[in-house]
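Peer 1: Dropping the structure in here first, questions after.
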There are 2 protein chains.
Amino acid sequence: MKVYKYPTREEWNSLLERPSLDRQSLQATINTIFEEVEKKGDMALKAFTLKFDDIWLDEIQVSQSEIIEGSDMLDLDLKQAIDQAYDNILAFHKSQIISEEKVETMKGVTCWRKSLPIENVGLYIPGGSAPLFSSLLMLGIPAMLAGCKNILVCTPPQKNGQVHDALLYTAKKLGITKMYKIGGGQAIAAMALGTSTINRVDKIYGPGNQYVTEAKQFATRRGIAIDMPAGPSELLVLADSSANPSFIASDLLSQAEHGPDSQVILATDNLELAENTLNEVYTQLKALPRKDMAEQALANSKVILLSQMDECIALSNQYAPEHLIVASENAEQYIDRITSAGSVFLGNYSCESAGDYCSGTNHTLPTNGYARSHSGVSMDSFYKKVTFQKITKEGMRNLGPTIERLAEAENLFAHKNAASIRLKSLGL
Amino acid sequence: MKVYKYPTREEWNSLLERPSLDRQSLQATINTIFEEVEKKGDMALKAFTLKFDDIWLDEIQVSQSEIIEGSDMLDLDLKQAIDQAYDNILAFHKSQIISEEKVETMKGVTCWRKSLPIENVGLYIPGGSAPLFSSLLMLGIPAMLAGCKNILVCTPPQKNGQVHDALLYTAKKLGITKMYKIGGGQAIAAMALGTSTINRVDKIYGPGNQYVTEAKQFATRRGIAIDMPAGPSELLVLADSSANPSFIASDLLSQAEHGPDSQVILATDNLELAENTLNEVYTQLKALPRKDMAEQALANSKVILLSQMDECIALSNQYAPEHLIVASENAEQYIDRITSAGSVFLGNYSCESAGDYCSGTNHTLPTNGYARSHSGVSMDSFYKKVTFQKITKEGMRNLGPTIERLAEAENLFAHKNAASIRLKSLGL
């Protein structure tokens, strides 16, 4: 980790710069994938799975018996841990379901909003080094709670051609029946375009590598919504003198182990804490199985020392981190000064991995500065909020003349007439 | 309007097809604009304003005295109509501000969401044939209510180099001081890139022509959020035998007068109503100042006769219209069957122009089928919902073992260690 002592405000911009992603090279690949899937459907999916995953699939869809048998095989203690995570995530997301009151803006003019589920949703769950059942929980629970009619899951097959038991158990728990052994850009293309096995969806969710990310951008050009634009995962720790250096070190490392492009920043007003944390980072690093990956991420990581906590918070706001840990015994005192972050962890015992798995909050969060303008995944992500209005005869009497005057001022006389003709029918 | 009697479900797809937009030809223009604005800043804005609006601006920003003097000049009755619209839109949007409860998902594990305003927002208000003060109300009111710190407005100057008094009055009412006489793609480029006069924003909102729409897409590639992707405006009217043909005709025409590419559909189970409405449309058309424009839109418009209202609703859901009028004395009976629409107008007296101007709902709505997955502009559009969590020592005792087990199953041992090191410190 590089240490920056008391940088000036002018230096913040370059300090907080994120690596720019070169996506040009991916575009040709993704373009070919979309073209092939559009032309050849399921056959293209099978061909790409053979090419990229080295597996020939006779069936793309995971069968019901695979789901049931796989679920049964899972270790009991892992089932219980998944159950606990499920309960917590469910409780927090349920609390976001709020029905709004109808508002009578004028006598006889009533307006309200209704949350309608997005009907067809596609959840992408990456494979790779581990089965990301936590992502399936984070996307599947709000999709199920919202009442989405068709919930599709795509995930690459393991080397044995199967889906991991932990994912099957989670799918069974969520009542998901449409699960497909397709990964990468071809999975996104299938959900965006539709094939005879995989239906076209309205919105695609989920993390993934740079191919998946680029394919989601392609999907948006076909009119498919996506959860959010994505970049490498990030953590900023704000720490004051009451923070615990070994706790912070463990958090920085848990972010760093995600991959060599992970972004990790410690901002503090306390030199001693910074030094102790650095020592702890290198001590704890030695014991990690993903040591090499974490080491690469640490090479790009920063410790930024500033003269006071207010400066540290301003720096964090400017960066708008995906994850923000406020490492302090009195973390609450800083809350009102935070203006941009994806998810905030308050106090010395709120580690990021709690939110990654099982405290209840969603772990699908805006990266790359998008926390300035985007929220993480929540119930909102699976609804459209549709406005309704009911205007009675009395309402038209009250509102009609205003419609007429405003429409006239915008030179829209048919708009005016829609009010006039109704007013006339009421003898006005 | 073309009449389609009892088309089969197979025929619906082609009936409901929207015109595909050719954006390729715009890209070169917008690319040049972005490059020039990036290189030359304000000077490029002035040059483009001279080129496209035929005006040389000495000052880009509207001065405080222009705002105050212009406001004063506005007709009193128009001021009063704007005030009424303001009150209604304010009341409805205020009702969307709901603070969520904190949730203790396990003893000692507390999660909540907080709505934080997007700090820097840019509102684009088109010029053209009329001053769209209604768009400024629809975007400015929620921006102000949310507490956005910097609210910028860009709008093209009129031929006299000034901004229309109705816009100045609305800006003054909203407390907006940062208003710029810049329109088109150059306005979007300025807000996306920043110049010495116009600050870079986090999110851009507002309607516009195809250049503005394309420029907003360019802005997203620079990491700037936008309100929603846009297409031509749309109205679908669902009408049963209790509907009023002349009212419906006035609504279809008010949509048609927006422009030749407007999408207008009437779906009904009643042949007589369809015929009477068609007659009314052509009668009312004759009296319209924008007759030519409306006529072009009507040429592409459709009357679709189906055997029952259930079929009409299914058709509407498949189309997912921006505006949906349910023209019926018993409109409420259909509500629960509506699955996709931008904004719904219930009953014979709820004309679309009420929602366009002043009933209280927002008129910035998803077009082009995006109502399947997107909401219209609301308070949500001006907030990020940030999750917070506080885990106490007791919370870590309760949740820690679950974090450990789940992180282990995903092979993320630094994630596990962040819990273990805290549990160990608690003697566990």
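Starting from 1 in every chain, residues are counted up; chains themselves are A, B, ... following the order of the structure tokens, and ligands are numbered from 1 as listed.
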List every residue of chain B that has an atom at most 6 Å from any atom of chain A, and for each one report the closest atom pair and its distance in Å to one decimal, counting only C-alpha atoms, with rows sorted by chain and then by increasing residue number, as a Markdown table.
Peer 2:
| residue | atom | partner | partner_atom | distance |
| --- | --- | --- | --- | --- |
| B:Ala81 | CA | A:Thr402 | CA | 5.1 |
| B:Asn88 | CA | A:Thr105 | CA | 5.2 |
| B:Thr105 | CA | A:Asn88 | CA | 5.1 |
| B:Ile118 | CA | A:Ser373 | CA | 5.6 |
| B:Ala130 | CA | A:Glu410 | CA | 5.0 |
| B:Ser250 | CA | A:Ala418 | CA | 4.9 |
| B:Asp251 | CA | A:Ala418 | CA | 5.8 |
| B:Leu253 | CA | A:Ala414 | CA | 5.9 |
| B:Ser254 | CA | A:Ala414 | CA | 4.4 |
| B:Gly342 | CA | A:Val386 | CA | 5.7 |
| B:Ser343 | CA | A:Thr387 | CA | 4.8 |
| B:Val344 | CA | A:Phe388 | CA | 4.7 |
| B:Phe345 | CA | A:Gln389 | CA | 5.2 |
| B:Leu346 | CA | A:Lys390 | CA | 5.0 |
| B:Tyr349 | CA | A:Ile391 | CA | 5.6 |
| B:Ser350 | CA | A:Ile391 | CA | 4.8 |
| B:Ser353 | CA | A:His415 | CA | 5.4 |
| B:Ser373 | CA | A:Ile118 | CA | 5.6 |
| B:His374 | CA | A:Lys384 | CA | 5.5 |
| B:Ser375 | CA | A:Lys384 | CA | 4.8 |
| B:Lys384 | CA | A:Ser375 | CA | 4.8 |
| B:Lys385 | CA | A:Ser375 | CA | 5.1 |
| B:Val386 | CA | A:Gly342 | CA | 5.7 |
| B:Thr387 | CA | A:Ser343 | CA | 4.8 |
| B:Phe388 | CA | A:Val344 | CA | 4.7 |
| B:Gln389 | CA | A:Phe345 | CA | 5.2 |
| B:Lys390 | CA | A:Leu346 | CA | 5.0 |
| B:Ile391 | CA | A:Ser350 | CA | 4.8 |
| B:Thr392 | CA | A:Tyr349 | CA | 5.9 |
| B:Thr402 | CA | A:Ala81 | CA | 5.1 |
| B:Glu410 | CA | A:Ala130 | CA | 5.0 |
| B:Ala414 | CA | A:Ser254 | CA | 4.4 |
| B:His415 | CA | A:Ser254 | CA | 4.7 |
| B:Ala418 | CA | A:Ser250 | CA | 4.9 |
Peer 1: From a DSSP calculation on the backbone, collect every residue of stretch 106-139 of chain A in strand (DSSP E or B) and output the set as a PyMOL selection string.
Peer 2: chain A and resi 106+109-117+120-124
Peer 1: In Å to one decimal, how far is atom CA of B:Gly208 from atom CA of B:Ser63?
Peer 2: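 These two atoms are separated by 24.1 Å.
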Peer 1: Name the residues of stretch 204-356 of chain B that come out as helix (DSSP H, G or I) in a backbone DSSP run; write them as a PyMOL selection string.
Peer 2: chain B and resi 210-221+245-256+271-285+291-299+309-319+331-337+352-356
Peer 1: Please identify all polymer residues within 12 Å of B:Gln27, counting only C-alpha atoms, omitting same-chain residues fewer than 3 positions from it, and present them as a count of residues only.
Peer 2: 18
